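Shown here: data.cif, mmCIF, C-alpha atoms.
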```
data_input
loop_
_atom_site.label_atom_id
_atom_site.label_comp_id
_atom_site.auth_asym_id
_atom_site.auth_seq_id
_atom_site.Cartn_x
_atom_site.Cartn_y
_atom_site.Cartn_z
CA MET X 922 -85.66 62.32 42.54
CA THR X 923 -82.20 61.53 43.84
CA VAL X 924 -79.09 60.30 42.04
CA ALA X 925 -79.55 56.98 43.79
CA ASP X 926 -82.88 56.52 42.03
CA HIS X 927 -81.04 56.46 38.70
CA ALA X 928 -78.29 54.06 39.83
CA PRO X 929 -78.26 50.88 37.73
CA THR X 930 -78.92 47.53 39.31
CA ARG X 931 -75.55 45.89 40.08
CA SER X 932 -74.96 42.17 39.69
CA PRO X 933 -71.76 40.34 40.58
CA VAL X 934 -69.12 40.06 37.89
CA PRO X 935 -68.49 36.54 36.53
CA PRO X 936 -66.13 34.43 38.68
CA LEU X 937 -62.49 33.75 38.01
CA ALA X 938 -61.60 30.66 35.99
CA ALA X 939 -61.61 27.48 38.03
CA ARG X 940 -57.86 27.03 37.51
CA ALA X 941 -57.19 30.49 38.97
CA ARG X 942 -59.28 29.64 42.00
CA SER X 943 -57.76 26.21 42.57
CA VAL X 944 -54.03 26.91 42.15
CA GLY X 945 -52.47 28.89 44.97
CA GLY X 946 -49.55 31.27 44.89
CA SER X 947 -45.94 30.36 45.55
CA PRO X 948 -45.13 29.86 49.24
CA VAL X 949 -41.54 30.81 48.43
CA ARG X 950 -42.66 34.18 47.05
CA ASP X 951 -44.89 34.66 50.08
CA ILE X 952 -41.99 33.97 52.43
CA LEU X 953 -39.70 36.37 50.54
CA ALA X 954 -42.32 39.11 50.90
CA VAL X 955 -42.59 38.52 54.64
CA THR X 956 -38.83 38.40 55.14
CA ALA X 957 -37.85 41.36 52.96
CA ARG X 958 -36.47 43.24 55.98
CA PRO X 959 -32.73 43.86 55.48
CA GLU X 960 -31.85 42.40 58.87
CA VAL X 961 -33.23 38.97 57.90
CA ILE X 962 -30.67 36.40 56.72
CA ASN X 963 -32.73 34.72 54.05
CA PHE X 964 -31.99 31.11 53.19
CA ALA X 965 -35.48 30.86 51.64
CA GLY X 966 -34.96 32.34 48.19
CA GLY X 967 -33.30 30.81 45.17
CA LEU X 968 -31.48 34.02 44.32
CA PRO X 969 -27.97 34.06 42.86
CA ALA X 970 -25.47 36.32 44.61
CA PRO X 971 -25.85 39.78 43.02
CA GLU X 972 -22.29 40.85 43.85
CA LEU X 973 -21.07 38.11 41.50
CA PHE X 974 -22.98 39.33 38.45
CA ASP X 975 -20.65 40.51 35.70
CA ALA X 976 -22.41 43.86 35.71
CA ALA X 977 -19.64 45.60 33.78
CA GLY X 978 -19.58 42.98 31.03
CA ILE X 979 -23.37 42.90 30.72
CA ALA X 980 -23.59 46.71 30.67
CA ALA X 981 -20.94 46.84 27.94
CA ALA X 982 -22.94 44.33 25.89
CA TYR X 983 -26.10 46.45 26.16
CA ARG X 984 -24.18 49.62 25.28
CA ALA X 985 -22.66 47.98 22.22
CA VAL X 986 -26.00 46.67 20.99
CA LEU X 987 -27.79 49.98 21.50
CA ALA X 988 -24.95 51.92 19.87
CA GLU X 989 -24.43 49.64 16.88
CA VAL X 990 -27.88 48.20 16.07
CA PRO X 991 -30.41 50.35 17.95
CA GLN X 992 -33.20 50.01 15.41
CA ARG X 993 -32.93 46.23 15.47
CA ALA X 994 -32.51 46.02 19.25
CA LEU X 995 -35.60 48.12 19.94
CA GLN X 996 -37.81 46.50 17.27
CA TYR X 997 -40.10 43.49 17.37
CA SER X 998 -38.38 40.15 16.78
CA THR X 999 -39.33 36.66 15.64
CA THR X 1000 -41.15 34.44 18.09
CA GLU X 1001 -38.49 31.74 17.89
CA GLY X 1002 -35.78 34.17 18.97
CA GLU X 1003 -32.88 36.15 17.57
CA PRO X 1004 -30.87 33.96 15.16
CA VAL X 1005 -27.51 35.08 16.58
CA LEU X 1006 -28.48 33.98 20.11
CA ARG X 1007 -30.01 30.71 18.95
CA ALA X 1008 -26.83 29.93 17.02
CA ALA X 1009 -24.63 30.68 20.04
CA LEU X 1010 -26.75 28.50 22.32
CA ALA X 1011 -26.80 25.68 19.77
CA ALA X 1012 -23.00 25.77 19.67
CA ARG X 1013 -22.77 25.65 23.50
CA THR X 1014 -25.21 22.74 23.68
CA SER X 1015 -23.40 20.82 20.95
CA ALA X 1016 -20.06 21.34 22.66
CA ARG X 1017 -21.53 19.68 25.77
CA GLY X 1018 -22.34 16.48 23.92
CA LEU X 1019 -25.81 17.06 22.48
CA PRO X 1020 -25.72 17.93 18.75
CA THR X 1021 -28.06 20.88 18.32
CA GLY X 1022 -28.91 23.32 15.54
CA ALA X 1023 -30.32 26.82 15.94
CA GLU X 1024 -33.60 25.55 14.47
CA ASP X 1025 -33.94 23.15 17.44
CA LEU X 1026 -34.20 26.02 19.95
CA LEU X 1027 -36.92 28.43 21.05
CA ILE X 1028 -35.91 31.44 23.17
CA THR X 1029 -38.24 31.95 26.14
CA THR X 1030 -38.77 34.65 28.73
CA GLY X 1031 -36.98 32.68 31.41
CA SER X 1032 -37.14 28.90 31.49
CA GLN X 1033 -40.26 29.21 33.65
CA GLN X 1034 -42.14 30.37 30.55
CA ALA X 1035 -40.99 27.22 28.79
CA LEU X 1036 -42.92 25.15 31.34
CA SER X 1037 -46.06 27.17 30.69
CA LEU X 1038 -45.67 26.81 26.92
CA LEU X 1039 -45.14 23.07 27.20
CA ALA X 1040 -48.20 22.71 29.40
CA THR X 1041 -50.23 24.59 26.79
CA ALA X 1042 -48.85 22.55 23.89
CA LEU X 1043 -48.99 19.09 25.49
CA LEU X 1044 -51.64 18.91 28.19
CA GLU X 1045 -55.41 18.61 28.15
CA PRO X 1046 -57.33 19.09 31.43
CA GLY X 1047 -57.23 15.80 33.28
CA ASP X 1048 -54.01 14.55 31.66
CA THR X 1049 -51.51 12.96 34.02
CA VAL X 1050 -48.05 14.41 34.61
CA LEU X 1051 -45.35 12.55 36.52
CA VAL X 1052 -42.94 14.53 38.70
CA GLU X 1053 -40.12 13.92 41.15
CA ASN X 1054 -40.85 13.65 44.85
CA PRO X 1055 -40.33 16.38 46.02
CA CYS X 1056 -40.58 18.60 42.93
CA TYR X 1057 -39.74 22.14 41.78
CA LEU X 1058 -42.61 24.21 43.12
CA ALA X 1059 -43.26 26.43 40.09
CA ALA X 1060 -43.56 23.34 37.87
CA LEU X 1061 -46.35 22.10 40.10
CA GLN X 1062 -48.03 25.48 39.61
CA ALA X 1063 -47.65 25.38 35.81
CA PHE X 1064 -49.09 21.89 35.54
CA GLY X 1065 -51.86 22.76 38.00
CA PHE X 1066 -52.92 25.74 35.88
CA ALA X 1067 -53.13 23.43 32.87
CA GLY X 1068 -55.59 21.24 34.77
CA ALA X 1069 -53.23 18.29 34.90
CA ARG X 1070 -53.34 15.51 37.43
CA VAL X 1071 -49.89 15.45 39.02
CA VAL X 1072 -48.47 12.16 40.35
CA ALA X 1073 -45.15 11.81 42.17
CA VAL X 1074 -42.70 9.08 41.16
CA PRO X 1075 -41.11 7.24 44.10
CA GLY X 1076 -37.36 7.63 44.49
CA ASP X 1077 -34.54 7.92 46.98
CA GLU X 1078 -31.62 10.21 47.78
CA HIS X 1079 -30.38 9.76 44.20
CA GLY X 1080 -33.67 10.70 42.52
CA VAL X 1081 -36.33 8.92 40.48
CA ASP X 1082 -36.51 5.11 40.64
CA PRO X 1083 -36.73 3.93 36.98
CA GLU X 1084 -38.63 0.74 37.90
CA ALA X 1085 -41.21 2.73 39.84
CA LEU X 1086 -41.39 5.13 36.90
CA GLU X 1087 -42.20 2.31 34.48
CA ASP X 1088 -44.86 0.92 36.79
CA LEU X 1089 -46.53 4.32 36.96
CA VAL X 1090 -46.34 4.85 33.20
CA VAL X 1091 -48.08 1.51 32.63
CA ARG X 1092 -50.74 2.23 35.25
CA GLU X 1093 -51.37 5.97 34.80
CA ARG X 1094 -50.65 6.54 31.06
CA PRO X 1095 -49.10 9.98 31.66
CA LYS X 1096 -48.25 12.52 28.97
CA LEU X 1097 -44.87 13.51 30.41
CA LEU X 1098 -42.28 13.18 33.14
CA TYR X 1099 -40.88 16.44 34.49
CA THR X 1100 -37.44 16.23 36.09
CA VAL X 1101 -34.57 18.42 37.27
CA PRO X 1102 -31.92 15.69 37.23
CA THR X 1103 -28.87 17.83 38.04
CA PHE X 1104 -28.65 19.63 41.42
CA GLN X 1105 -32.40 19.39 41.76
CA ASN X 1106 -34.60 22.07 43.26
CA PRO X 1107 -35.40 21.60 46.12
CA THR X 1108 -33.13 18.70 47.16
CA GLY X 1109 -29.84 19.43 45.39
CA ARG X 1110 -29.53 15.77 44.39
CA THR X 1111 -28.23 14.55 41.02
CA LEU X 1112 -29.64 11.59 39.09
CA PRO X 1113 -26.80 9.14 38.28
CA ALA X 1114 -25.91 8.38 34.67
CA GLU X 1115 -27.20 4.79 34.77
CA ARG X 1116 -30.61 5.97 35.97
CA ARG X 1117 -30.72 8.62 33.25
CA ALA X 1118 -30.18 5.90 30.67
CA ALA X 1119 -32.90 3.81 32.29
CA VAL X 1120 -35.35 6.74 32.30
CA ALA X 1121 -34.66 7.32 28.59
CA ALA X 1122 -35.28 3.62 27.93
CA VAL X 1123 -38.62 3.71 29.79
CA ALA X 1124 -39.73 6.74 27.76
CA ALA X 1125 -38.78 5.00 24.50
CA ARG X 1126 -40.40 1.70 25.47
CA ARG X 1127 -43.64 3.07 26.92
CA GLY X 1128 -44.28 6.28 24.97
CA LEU X 1129 -43.61 9.27 27.21
CA TRP X 1130 -42.38 12.83 26.89
CA ILE X 1131 -39.48 13.81 29.17
CA VAL X 1132 -39.10 17.45 30.19
CA GLU X 1133 -35.52 17.80 31.42
CA ASP X 1134 -35.03 21.12 33.23
CA ASP X 1135 -31.38 22.14 33.69
CA PRO X 1136 -31.04 25.62 35.23
CA TYR X 1137 -28.25 24.65 37.66
CA GLY X 1138 -26.11 22.13 35.77
CA GLU X 1139 -23.19 24.49 35.12
CA LEU X 1140 -22.82 25.29 38.83
CA ARG X 1141 -20.74 22.23 39.71
CA TYR X 1142 -18.28 22.40 42.64
CA GLU X 1143 -16.97 18.84 42.66
CA GLY X 1144 -17.32 15.57 40.77
CA GLU X 1145 -17.77 14.96 37.06
CA ARG X 1146 -20.47 16.30 34.79
CA VAL X 1147 -23.28 13.80 34.07
CA PRO X 1148 -24.62 13.82 30.48
CA TRP X 1149 -28.17 15.02 29.87
CA ILE X 1150 -30.99 12.48 29.63
CA ALA X 1151 -31.61 13.99 26.19
CA SER X 1152 -28.27 12.58 24.99
CA HIS X 1153 -29.15 8.95 25.81
CA PRO X 1154 -30.40 6.50 23.16
CA GLY X 1155 -34.18 6.40 23.01
CA ALA X 1156 -34.63 9.96 24.25
CA GLU X 1157 -33.81 11.77 21.01
CA ASP X 1158 -37.35 12.30 19.73
CA ARG X 1159 -39.14 12.68 23.06
CA THR X 1160 -37.03 14.84 25.37
CA VAL X 1161 -37.39 18.58 25.85
CA LEU X 1162 -34.31 20.19 27.38
CA LEU X 1163 -34.76 23.51 29.18
CA GLY X 1164 -31.94 25.96 29.89
CA SER X 1165 -31.55 29.41 31.41
CA PHE X 1166 -29.13 32.31 31.81
CA SER X 1167 -30.69 33.21 35.17
CA LYS X 1168 -28.15 31.38 37.32
CA VAL X 1169 -25.05 31.94 35.17
CA MET X 1170 -25.55 35.43 33.73
CA ALA X 1171 -28.38 37.39 35.39
CA PRO X 1172 -31.99 36.48 36.26
CA GLY X 1173 -33.22 40.01 35.51
CA MET X 1174 -32.56 39.47 31.81
CA ARG X 1175 -35.28 36.77 31.84
CA LEU X 1176 -33.65 34.62 29.18
CA GLY X 1177 -34.28 30.91 28.85
CA TRP X 1178 -34.68 28.42 26.05
CA LEU X 1179 -36.12 25.06 25.18
CA ARG X 1180 -34.72 22.43 22.84
CA ALA X 1181 -37.43 20.19 21.41
CA PRO X 1182 -38.36 18.04 18.41
CA GLY X 1183 -39.73 20.03 15.50
CA GLU X 1184 -43.49 19.53 15.84
CA LEU X 1185 -43.50 20.28 19.56
CA LEU X 1186 -41.17 23.26 19.07
CA ARG X 1187 -43.59 24.73 16.52
CA ALA X 1188 -46.54 24.21 18.88
CA CYS X 1189 -44.64 26.00 21.66
CA ALA X 1190 -43.86 28.86 19.28
CA VAL X 1191 -47.57 29.28 18.53
CA ALA X 1192 -48.31 29.24 22.28
CA LYS X 1193 -45.62 31.87 22.80
CA GLN X 1194 -47.14 34.09 20.13
CA ALA X 1195 -50.32 34.13 22.19
CA ALA X 1196 -48.40 34.79 25.41
CA ASP X 1197 -45.93 37.57 24.62
CA LEU X 1198 -45.14 37.53 20.87
CA HIS X 1199 -41.41 37.19 21.60
CA THR X 1200 -38.77 37.57 24.30
CA PRO X 1201 -37.36 41.14 24.46
CA THR X 1202 -35.06 41.74 21.50
CA VAL X 1203 -32.58 43.96 23.29
CA ASN X 1204 -32.01 41.35 26.00
CA GLN X 1205 -31.43 38.60 23.45
CA LEU X 1206 -28.96 40.68 21.44
CA ALA X 1207 -27.14 41.78 24.59
CA ALA X 1208 -26.77 38.16 25.71
CA ALA X 1209 -25.45 37.16 22.30
CA ARG X 1210 -22.99 40.05 22.36
CA TYR X 1211 -21.89 39.09 25.88
CA LEU X 1212 -21.22 35.53 24.70
CA ALA X 1213 -19.21 36.86 21.75
CA ASP X 1214 -17.09 39.29 23.78
CA ASN X 1215 -16.63 37.38 27.04
CA ASP X 1216 -15.76 33.93 28.33
CA LEU X 1217 -18.95 32.86 30.06
CA ASP X 1218 -17.42 29.54 31.10
CA ALA X 1219 -14.61 31.33 32.93
CA HIS X 1220 -17.15 33.56 34.68
CA VAL X 1221 -19.20 30.52 35.74
CA THR X 1222 -16.04 28.85 37.06
CA ARG X 1223 -15.35 31.89 39.26
CA VAL X 1224 -18.94 31.97 40.52
CA ALA X 1225 -18.90 28.23 41.22
CA GLY X 1226 -15.72 28.63 43.26
CA VAL X 1227 -17.41 31.18 45.52
CA TYR X 1228 -20.61 29.16 45.77
CA GLY X 1229 -18.63 26.05 46.70
CA GLU X 1230 -17.10 27.90 49.65
CA ARG X 1231 -20.58 28.98 50.75
CA ARG X 1232 -21.90 25.44 50.49
CA ASP X 1233 -19.01 24.27 52.66
CA ALA X 1234 -19.74 26.99 55.21
CA MET X 1235 -23.34 25.85 55.49
CA LEU X 1236 -22.37 22.18 55.74
CA ALA X 1237 -19.87 23.03 58.50
CA GLY X 1238 -22.50 24.78 60.61
CA LEU X 1239 -25.56 22.58 60.20
CA ALA X 1240 -24.77 20.13 62.99
CA GLY X 1241 -24.84 22.98 65.49
CA ALA X 1242 -27.98 24.55 64.07
CA LEU X 1243 -30.36 21.65 63.48
CA PRO X 1244 -31.85 19.43 66.19
CA GLU X 1245 -30.11 16.21 67.11
CA GLY X 1246 -31.22 13.44 64.79
CA SER X 1247 -31.49 15.69 61.71
CA VAL X 1248 -30.06 14.53 58.38
CA TRP X 1249 -29.03 16.49 55.30
CA ASN X 1250 -27.34 15.99 51.95
CA ARG X 1251 -24.08 17.23 50.42
CA PRO X 1252 -24.91 18.55 46.93
CA GLU X 1253 -22.08 18.52 44.38
CA GLY X 1254 -23.33 21.80 42.93
CA GLY X 1255 -26.36 23.99 42.44
CA MET X 1256 -27.88 26.28 45.05
CA PHE X 1257 -29.83 24.20 47.54
CA LEU X 1258 -29.39 21.90 50.48
CA TRP X 1259 -32.20 19.66 51.78
CA ALA X 1260 -32.59 18.73 55.44
CA ARG X 1261 -34.93 16.48 57.38
CA LEU X 1262 -35.58 17.10 61.06
CA PRO X 1263 -36.61 14.34 63.45
CA GLU X 1264 -40.24 13.74 64.34
CA PRO X 1265 -42.34 15.54 65.52
CA TYR X 1266 -40.82 18.74 64.07
CA ASP X 1267 -43.11 20.52 61.57
CA THR X 1268 -41.09 23.05 59.58
CA THR X 1269 -44.19 24.88 58.33
CA ALA X 1270 -45.51 25.42 61.85
CA LEU X 1271 -42.06 26.40 63.11
CA LEU X 1272 -41.33 29.03 60.44
CA PRO X 1273 -43.01 32.02 62.14
CA GLN X 1274 -41.05 31.26 65.31
CA VAL X 1275 -37.81 31.05 63.32
CA VAL X 1276 -38.47 34.28 61.39
CA ARG X 1277 -38.69 36.12 64.72
CA HIS X 1278 -34.97 35.37 64.98
CA ASP X 1279 -34.35 37.19 61.67
CA VAL X 1280 -33.61 34.12 59.59
CA ALA X 1281 -35.76 32.19 57.11
CA TYR X 1282 -35.94 28.90 55.22
CA VAL X 1283 -38.54 27.26 52.97
CA PRO X 1284 -40.60 24.46 54.54
CA GLY X 1285 -40.48 21.28 52.49
CA ALA X 1286 -44.22 20.53 52.42
CA PRO X 1287 -45.19 22.70 49.38
CA PHE X 1288 -42.72 20.83 47.15
CA TYR X 1289 -44.66 17.56 47.37
CA ALA X 1290 -47.33 16.60 44.84
CA GLY X 1291 -48.72 14.01 47.24
CA ASP X 1292 -48.47 13.56 50.98
CA PRO X 1293 -45.74 15.93 52.22
CA ASP X 1294 -42.91 15.23 54.59
CA ARG X 1295 -43.46 18.04 57.07
CA THR X 1296 -40.11 17.54 58.75
CA THR X 1297 -38.19 18.75 55.69
CA LEU X 1298 -36.82 22.16 54.72
CA ARG X 1299 -34.83 23.77 51.91
CA LEU X 1300 -31.85 26.07 52.48
CA CYS X 1301 -30.28 28.21 49.76
CA PHE X 1302 -26.57 28.66 50.45
CA VAL X 1303 -25.37 30.89 47.59
CA THR X 1304 -26.77 34.34 48.42
CA GLN X 1305 -24.90 35.01 51.67
CA THR X 1306 -21.20 35.14 52.52
CA PRO X 1307 -19.69 32.41 54.73
CA GLU X 1308 -19.79 34.84 57.69
CA GLU X 1309 -23.46 35.62 57.11
CA ILE X 1310 -24.20 31.92 56.72
CA GLY X 1311 -22.57 31.24 60.08
CA GLU X 1312 -24.65 33.94 61.76
CA GLY X 1313 -27.79 32.76 59.99
CA LEU X 1314 -27.28 29.21 61.19
CA ARG X 1315 -26.75 30.48 64.74
CA ARG X 1316 -30.12 32.25 64.52
CA LEU X 1317 -31.70 29.18 62.96
CA GLY X 1318 -30.49 27.07 65.87
CA GLU X 1319 -32.04 29.51 68.32
CA GLY X 1320 -35.31 29.56 66.40
CA LEU X 1321 -35.58 25.78 66.25
CA SER X 1322 -34.77 25.26 69.92
CA PRO X 1323 -37.87 25.55 72.13
CA THR X 1324 -35.74 26.36 75.18
CA ARG X 1325 -33.67 29.00 73.47
CA SER X 1326 -36.71 30.45 71.68
CA ALA X 1327 -38.60 30.81 74.96
CA ARG X 1328 -35.58 32.46 76.56
CA SER X 1329 -35.28 34.90 73.64
CA ALA X 1330 -38.99 35.76 73.87
CA ASP X 1331 -38.57 36.64 77.57
CA ARG X 1332 -35.89 39.24 76.79
#
```
Before anything else, please render the file you have as structure tokens.
Amino acid sequence: MTVADHAPTRSPVPPLAARARSVGGSPVRDILAVTARPEVINFAGGLPAPELFDAAGIAAAYRAVLAEVPQRALQYSTTEGEPVLRAALAARTSARGLPTGAEDLLITTGSQQALSLLATALLEPGDTVLVENPCYLAALQAFGFAGARVVAVPGDEHGVDPEALEDLVVRERPKLLYTVPTFQNPTGRTLPAERRAAVAAVAARRGLWIVEDDPYGELRYEGERVPWIASHPGAEDRTVLLGSFSKVMAPGMRLGWLRAPGELLRACAVAKQAADLHTPTVNQLAAARYLADNDLDAHVTRVAGVYGERRDAMLAGLAGALPEGSVWNRPEGGMFLWARLPEPYDTTALLPQVVRHDVAYVPGAPFYAGDPDRTTLRLCFVTQTPEEIGEGLRRLGEGLSPTRSARSADR
């Protein structure tokens, strides 16, 4: 008798959950993996410039916390977050025109986790979610995993159209509207103040949650700050405001937060307990110490000055890089610029050809909940220096030109 005669009968393991089978990965992450070669000038990612991190200040904050309160820093913490950090964030939020107490905030492991927690707390499979058109890609993933039906709200170069929003709310009876109203990802556009007030009024009149995501709002290069939707009358009891240190301090710390009405905040805290118990204590205490010992606003002002120069460098070179007939926007801040090429350009189909020229962008199609505009693309302008941006745009122009691309392939 052989060993094989004793081998048990093998049946397939049970399948993955339907949501895991139906929701794909992030095309942005896939592109970053493909273009990780150091010679590639990568306009695809949404990465802040690492040379601008206040590494010395952050390191000093960690050293102080580990030297002075090591037992606390290395111990479990409360799900809601460290009180000292919640208090500091409440003060910053209040100073920007939205009265906030520490008890109004939940610390999250990046603001991306906040989206997952909100989806868990608010959405049943089949519920409808309204989003901008186009929309932040990872939000589409979070709502897709929750089994939501995602519907795009019509808009224009300024963002969501409040009248179209109200029509959809009446027709679709959605649970929430998700929006990045300031320096939106992927388009870089900013929703004007009068539309923010109108969106708040629709939510109050029709019964709707608003999830207002604001990871980029402090990165303003020109113009005046626009108040949060959450600060408008009618939005007080139905708006969730999300924030993050990823773009102004360091993304590796994975620190975000959500501000929400009490019942929803408590539901998100329970969902977080099931996800990760709490955000790392040492990171929270280091961030709080950094805020106490340093002027974060001054640091952000310095970073914004550099990013503004990089935006200008990209704007100056686009006409020579993109095909005749292309159009693009001029964002007042943030990290992204949105371009539309003339028909029949397809930026998804063109990407492999462009990457052969050691430059990359993100095609616009994945950012659409409905029918995509395949002529669009997103460019991140903050990660490279003006000189690298100029060289990257030269390569982009070569990659997008059939004549030049064919000539390069012959070499």
Carefully work through the PyMOL selection byres ((chain X and resi 1280) around 12) for this structure and note down the residues it includes, as JSON, numbers by chain.
{"X": [952, 953, 955, 956, 957, 958, 959, 960, 961, 962, 963, 964, 965, 966, 1242, 1271, 1272, 1273, 1274, 1275, 1276, 1277, 1278, 1279, 1281, 1282, 1283, 1300, 1301, 1305, 1309, 1310, 1311, 1312, 1313, 1314, 1315, 1316, 1317, 1318, 1319, 1320, 1321]}
Since I can't run it myself right now, could you work out what the PyMOL selection byres ((chain X and resi 940) around 9) selects here and report it as a list in words?
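After applying the PyMOL selection byres ((chain X and resi 940) around 9), what remains is Leu937, Ala938, Ala939, Ala941, Arg942, Ser943, Val944, Gly1065, Phe1066, Ala1067 and Gly1068 of chain X.
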Do you have, as a Markdown table, the list of residues of segment 1242-1320 of chain X lying at most 12 Å from segment 1078-1086 of chain X, each with its nearest atom pair and that distance in Å to one decimal, counting all atoms listed in the file and ordered by chain then number?
```
| residue | atom | partner | partner_atom | distance |
| --- | --- | --- | --- | --- |
| X:Val1248 | CA | X:Glu1078 | CA | 11.6 |
| X:Trp1249 | CA | X:Glu1078 | CA | 10.1 |
| X:Asn1250 | CA | X:Glu1078 | CA | 8.3 |
| X:Arg1251 | CA | X:Glu1078 | CA | 10.6 |
| X:Pro1252 | CA | X:His1079 | CA | 10.7 |
| X:Trp1259 | CA | X:Glu1078 | CA | 10.3 |
| X:Ala1260 | CA | X:Glu1078 | CA | 11.5 |
| X:Arg1261 | CA | X:Glu1078 | CA | 11.9 |
```
Identify the residues within 12 Å of coordinate (-24.1, 37.9, 23.5) (same frame as the file), considering only C-alpha atoms, and give the answer as a PyMOL selection string.
chain X and resi 978-986+1003-1010+1166+1170+1174+1176+1202-1217
Edge lengths and centre in Å to one decimal, as JSON, of the axis-aligned box that encloses all listed atoms of segment 1104-1113 of chain X with 3 Å added on every side?
```
{"center_x": -31.1, "center_y": 15.6, "center_z": 42.7, "size_x": 14.6, "size_y": 18.9, "size_z": 14.9}
```
Please expand the PyMOL selection byres ((chain X and resi 1121) around 8) into the concrete residues it hits in this file, giving the result as a PyMOL selection string.
chain X and resi 1117-1120+1122-1125+1150-1151+1153-1156
Of the residues X:Thr1049, X:Ser1247, X:Thr1014, X:Ser1152, which is the one nearest to Glu1139 of chain X, using all atoms listed in the file?
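Under the stated criterion, the closest residue is X:Thr1014.
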At what distance in Å, to one decimal, does atom CA of Pro969 of chain X lie from atom CA of Ala1225 of chain X?
10.9 Å
Non-local contacts of Ala1073 of chain X (10 Å; all atoms listed in the file; under 4 positions in same chain excluded) as a PyMOL selection string
chain X and resi 1050-1056+1081+1086+1089+1098-1099+1289-1292
Pick out the residues sitting within 12 Å of Leu1198 of chain X, and hand them over as a ChimeraX atom specification; count all atoms listed in the file, and ignore anything fewer than 5 positions along from it in its own chain.
/X:997-1002,1028-1030,1189-1193
Between atom CA of Ala1060 of chain X and atom CA of Leu1038 of chain X, what distance in Å does the model show, to one decimal?
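For atom CA of Ala1060 of chain X relative to atom CA of Leu1038 of chain X, the distance reads 11.7 Å.
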Determine the nearest neighbour of Leu1044 of chain X from the options X:Leu1179, X:Met1256, X:Ala1234, X:Ala1188, counting all atoms listed in the file.
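Of all the options, X:Ala1188 lies closest to Leu1044 of chain X.
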Could you pull segment 1245-1256 of chain X out of the block above and give me N, CA and C atoms, as an mmCIF file, in the first residue's frame?
```cif
data_model
loop_
_atom_site.group_PDB
_atom_site.id
_atom_site.type_symbol
_atom_site.label_atom_id
_atom_site.label_comp_id
_atom_site.auth_asym_id
_atom_site.auth_seq_id
_atom_site.Cartn_x
_atom_site.Cartn_y
_atom_site.Cartn_z
ATOM 1 N N GLU X 1245 -2.631 68.873 -29.601
ATOM 2 C CA GLU X 1245 -3.414 70.067 -29.894
ATOM 3 C C GLU X 1245 -4.893 69.772 -29.699
ATOM 4 N N GLY X 1246 -5.582 70.705 -29.058
ATOM 5 C CA GLY X 1246 -6.993 70.504 -28.760
ATOM 6 C C GLY X 1246 -7.249 70.001 -27.347
ATOM 7 N N SER X 1247 -6.191 69.715 -26.588
ATOM 8 C CA SER X 1247 -6.347 69.283 -25.195
ATOM 9 C C SER X 1247 -6.743 70.471 -24.326
ATOM 10 N N VAL X 1248 -7.429 70.180 -23.222
ATOM 11 C CA VAL X 1248 -7.784 71.209 -22.242
ATOM 12 C C VAL X 1248 -7.414 70.701 -20.860
ATOM 13 N N TRP X 1249 -7.125 71.639 -19.950
ATOM 14 C CA TRP X 1249 -6.777 71.264 -18.588
ATOM 15 C C TRP X 1249 -7.165 72.399 -17.657
ATOM 16 N N ASN X 1250 -7.154 72.086 -16.352
ATOM 17 C CA ASN X 1250 -7.570 73.089 -15.366
ATOM 18 C C ASN X 1250 -6.357 73.706 -14.681
ATOM 19 N N ARG X 1251 -6.613 74.752 -13.896
ATOM 20 C CA ARG X 1251 -5.582 75.395 -13.084
ATOM 21 C C ARG X 1251 -6.034 75.324 -11.625
ATOM 22 N N PRO X 1252 -5.663 74.272 -10.896
ATOM 23 C CA PRO X 1252 -6.098 74.150 -9.505
ATOM 24 C C PRO X 1252 -5.460 75.222 -8.626
ATOM 25 N N GLU X 1253 -6.217 75.717 -7.652
ATOM 26 C CA GLU X 1253 -5.698 76.719 -6.722
ATOM 27 C C GLU X 1253 -4.885 76.095 -5.599
ATOM 28 N N GLY X 1254 -4.846 74.775 -5.538
ATOM 29 C CA GLY X 1254 -4.100 74.085 -4.494
ATOM 30 C C GLY X 1254 -4.173 72.590 -4.716
ATOM 31 N N GLY X 1255 -3.813 71.840 -3.671
ATOM 32 C CA GLY X 1255 -3.881 70.397 -3.762
ATOM 33 C C GLY X 1255 -2.685 69.789 -4.466
ATOM 34 N N MET X 1256 -2.905 68.664 -5.125
ATOM 35 C CA MET X 1256 -1.812 67.874 -5.690
ATOM 36 C C MET X 1256 -2.017 67.474 -7.144
#
```
